[in-house]
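Take a look at the structure set out below.
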Amino acid sequence: MPVRSGRRMFLRTTSGMLLGMPFLSSLLPRGTKAAPGDPIKRFVAIQSQSGQMVADFWPAWTPPGYQLRDTMYGGDRADGTTALATTLPGTNYKWAPLADFTGQDLSRTIPASLQPWFGKMLLLRGLDYLQGTSHGLGMMLGNYANCASAGEFETRGLGQMPTIDQVLAYSDRFYPATPHARSIVLATGSPSSISDTDYNVPGGPVENIPAYLEPHDLWQDLFGDFMEPGMPMEHPNRRLVAAVYQDYAKLKTHARLSADDRATLERHMAFLDDIENELANGLSAACVKPEEPPIYGVGYPWQEVSSIENFEAWTALLVDIAVAALRCDITRVITFEAQMGITDASGTKVNSYHSSDDVAGDWHDYAHDAVDESMDHAHIVALNKWVVTAVFQRFLEQLDVEEADGQTFLDNSLVYWGGELGMDHYVQGMPTILAGGAGGALTTGYYVDYSQMTSDYANPILPWGVLIPGIPHNRLLVTILQAMGLSPADYERDGRPGYGHNEIFNGPYAWPEDAYVAGDIGKPLPGIFNG
């Protein structure tokens, strides 16, 4: 039976088309278009593995005017790292310009090659998980129960939660119109990812999102029919607008079209005319379709690595294709779980997978043996440095190109590098680097230490470091969500302030009961958030 095409069907499909388009600022109704000062924001999160010795990750040298904690504090607080002396206004915390730390590597893990972005970076120390968790995928982004200690959460009736990347992915405030891809989830080594979602069904099951491993699969899904090489840089959605105009031409003289429907139709057409004119100008020059990559046959499990060279190439391609998707506004959310990396500590590049006894060079085993085996310690440093340079820095290089009005894509983005563990298997003082100002929402260019150095409590676990209370990691999540444009009403759940479980339990650190100010857990991090 033929499908009838009537005026109400046309109006329904017109609205459906607009809501279903990949998001573009030009697709918003006039009343909700972003103002010139409201840039599109993007979020990228990258996770490394198995913790850091503090003197490897944090600066452990003395630029002019600085001294080590060993000198400033001594005793249990002596850990070989640089002390900060300037007080963050209105707090007891310390900070320093990252520009003071130029001239050599910032630390053993953070190389001098990141110095061009110091003005757009934040190095954050003293961010603590409130639960004594161990090893995990989703913790860095707020699903603290997605960890090896998940049973501790279950016995307390604490379920898993979506990670904040997925809160953004399903937020109408972050995506005013439905995007082509709500998020892109990437990984090396294993399809397990750092992204957990409930598909915006509160109370529904929380599932881990399988990650892309093969660059060709990612390219095909995002760019397979996007634009053909050599074609004019015209946005492919323009043809959808043209199709609607054809229907309009047939319908506008329909004898049964009411005056109200005709007025509604004319308003839609005026709106579509604006869209068509803007789409006719083509895509941003920064939006370039990547060349189709080869098929590497990336296998899982991790033993199926054809060569070091291929691994380096496909890791780079995952980043490159993901950045192209950001610059073409196919998506605004990307996560990257580095479960496999490269170490060259022995002078030869070697793959290492995390937590696999059947692979020579186990990243996890390196961490367990790092105290007693100098080469294993060197491997841990090399692996994390590889993630910083091959993944984090590669995102920065390709995002720090002009988007509009002198601002780069990086200026309007937030790129978050973190880890699953802090010192050894502890989750205090989580290693954290942010890059990009989220469209001016963050003050950048600083090393901020939220450690409570005036606290009576310090527990040395040297050579890994010293456990000193800092500030709840939950406040970083709040900072990111609000920097991306969300308000507490958009993400708070079950009457709890902030995001992520805020119960304190299973802590082997014997924190004093008042180590954290409970009333501040729903607030952004002090000193860096501009609102």
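In the structure tokens, chains take the letters A, B, ... in the order shown, each chain's residues start at 1, and ligands count up from 1 in the order shown.
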Counting only C-alpha atoms, what is within 6 Å of Leu127 (chain A), bar same-chain residues fewer than 5 positions away, as a PyMOL selection string? chain A and resi 429-430+470-473
Name the residues in contact with region 328-339 of chain A at a cut-off of 6 Å, using only C-alpha atoms, excluding same-chain residues fewer than 3 positions from it; report them as number ranges by chain. A: 42-48, 180-189, 193, 287, 325, 353-354
Using N, CA and C atoms, can you write the selected residues to a file as a compact mmCIF listing (two decimals), in the first residue's frame?
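Resulting contents of again.txt:
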# COMPACT_ATOMS: atom_id res chain seq x y z
N ARG A 42 34.22 21.00 24.19
CA ARG A 42 34.49 19.58 23.95
C ARG A 42 35.27 19.01 25.13
N PHE A 43 35.11 17.72 25.34
CA PHE A 43 35.76 17.07 26.48
C PHE A 43 36.48 15.82 26.02
N VAL A 44 37.74 15.69 26.42
CA VAL A 44 38.56 14.51 26.11
C VAL A 44 39.18 14.03 27.42
N ALA A 45 39.10 12.71 27.67
CA ALA A 45 39.70 12.14 28.88
C ALA A 45 40.59 10.96 28.50
N ILE A 46 41.79 10.92 29.08
CA ILE A 46 42.78 9.89 28.78
C ILE A 46 43.26 9.30 30.10
N GLN A 47 43.28 7.97 30.19
CA GLN A 47 43.69 7.33 31.43
C GLN A 47 44.90 6.44 31.23
N SER A 48 45.83 6.53 32.19
CA SER A 48 47.01 5.67 32.23
C SER A 48 46.85 4.66 33.37
N HIS A 180 25.69 13.43 15.82
CA HIS A 180 25.91 12.21 15.05
C HIS A 180 26.43 11.10 15.95
N ALA A 181 27.37 11.45 16.84
CA ALA A 181 27.92 10.47 17.80
C ALA A 181 27.97 11.15 19.16
N ARG A 182 27.23 10.63 20.13
CA ARG A 182 27.22 11.25 21.45
C ARG A 182 28.61 11.23 22.08
N SER A 183 29.35 10.18 21.84
CA SER A 183 30.72 10.10 22.34
C SER A 183 31.48 9.09 21.51
N ILE A 184 32.79 9.18 21.58
CA ILE A 184 33.67 8.20 20.95
C ILE A 184 34.54 7.60 22.05
N VAL A 185 34.53 6.29 22.13
CA VAL A 185 35.22 5.58 23.20
C VAL A 185 36.35 4.76 22.58
N LEU A 186 37.58 5.05 23.00
CA LEU A 186 38.77 4.44 22.41
C LEU A 186 39.58 3.72 23.48
N ALA A 187 40.40 2.77 23.05
CA ALA A 187 41.29 2.09 23.97
C ALA A 187 42.41 1.41 23.19
N THR A 188 43.48 1.10 23.89
CA THR A 188 44.52 0.23 23.35
C THR A 188 44.57 -1.02 24.21
N GLY A 189 44.74 -2.16 23.57
CA GLY A 189 44.95 -3.40 24.30
C GLY A 189 43.71 -4.20 24.60
N SER A 193 36.67 -0.06 28.60
CA SER A 193 36.88 1.38 28.47
C SER A 193 36.70 2.06 29.82
N CYS A 287 37.96 21.37 9.44
CA CYS A 287 37.28 20.08 9.29
C CYS A 287 37.76 19.41 8.01
N ALA A 325 37.00 14.15 14.14
CA ALA A 325 35.57 14.13 14.51
C ALA A 325 35.21 15.32 15.39
N TYR A 353 51.35 -4.69 28.23
CA TYR A 353 49.91 -4.67 28.50
C TYR A 353 49.70 -4.70 30.00
N HIS A 354 48.67 -4.02 30.47
CA HIS A 354 48.41 -3.97 31.90
C HIS A 354 47.66 -5.20 32.37
Per-residue DSSP, region 286-366 of chain A, filtered to strand (DSSP E), as a PyMOL selection string: chain A and resi 333-338+340-343+350-353
A:Leu421, A:Val323, A:Ala85, A:Leu317: which is nearest Val401 (chain A), counting only C-alpha atoms? A:Val323
Using only C-alpha atoms, what table do you get, as JSON lines, when you list each residue of region 122-176 of chain A with an atom no more than 8 Å from region 496-506 of chain A, its nearest pair of atoms, and their distance in Å rounded to one decimal, rows by chain then rising number?
{"residue": "A:Leu130", "atom": "CA", "partner": "A:Ile504", "partner_atom": "CA", "distance": 5.0}
{"residue": "A:Gln131", "atom": "CA", "partner": "A:Phe505", "partner_atom": "CA", "distance": 5.2}
{"residue": "A:Gly132", "atom": "CA", "partner": "A:Asn506", "partner_atom": "CA", "distance": 5.1}
{"residue": "A:Thr133", "atom": "CA", "partner": "A:Asn506", "partner_atom": "CA", "distance": 7.9}
{"residue": "A:Gly142", "atom": "CA", "partner": "A:Gly500", "partner_atom": "CA", "distance": 5.0}
{"residue": "A:Asn143", "atom": "CA", "partner": "A:Gly500", "partner_atom": "CA", "distance": 6.3}
{"residue": "A:Tyr144", "atom": "CA", "partner": "A:Gly500", "partner_atom": "CA", "distance": 6.8}
{"residue": "A:Glu152", "atom": "CA", "partner": "A:Asn506", "partner_atom": "CA", "distance": 7.8}
{"residue": "A:Leu158", "atom": "CA", "partner": "A:His501", "partner_atom": "CA", "distance": 7.8}
{"residue": "A:Met161", "atom": "CA", "partner": "A:Gly500", "partner_atom": "CA", "distance": 7.2}
For the residues in the current selection, export C-alpha atoms as a compact mmCIF listing (two decimals), in the first residue's frame.
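What ended up in part_36.txt:
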# COMPACT_ATOMS: atom_id res chain seq x y z
CA LEU A 130 37.06 9.17 49.29
CA GLN A 131 36.92 5.38 49.18
CA GLY A 132 39.86 3.01 49.50
CA THR A 133 39.42 1.58 46.00
CA GLY A 142 33.15 9.34 38.57
CA ASN A 143 32.05 5.71 38.61
CA TYR A 144 34.04 4.92 41.74
CA GLU A 152 32.66 -2.77 49.11
CA LEU A 158 25.91 1.88 46.46
CA MET A 161 27.04 5.44 38.21
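The residue that comes closest to Pro524 (chain A), out of A:Leu442, A:Val319, A:Val387, A:Met375 and on the basis of only C-alpha atoms, is A:Leu442.
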Would you pick out the contacts of Pro463 (chain A) at 8 Å or less, using only C-alpha atoms, so that residues sharing its chain but fewer than 6 positions from it are not included, and give the list as a compact mmCIF listing (two decimals) with C-alpha atoms, in the first residue's frame?
# COMPACT_ATOMS: atom_id res chain seq x y z
CA MET A 53 55.99 7.47 42.38
CA ASP A 79 59.12 13.20 49.68
CA VAL A 371 60.59 -0.53 44.52
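For the pair CA of Ser306 (chain A) and CA of Ile209 (chain A), the interatomic distance is 25.4 Å.
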Quick one: residues within 10 Å of Gly136 (chain A), only C-alpha atoms, excluding same-chain residues fewer than 6 positions away - as number ranges by chain? A: 49-50, 143-150, 193-194, 419-421
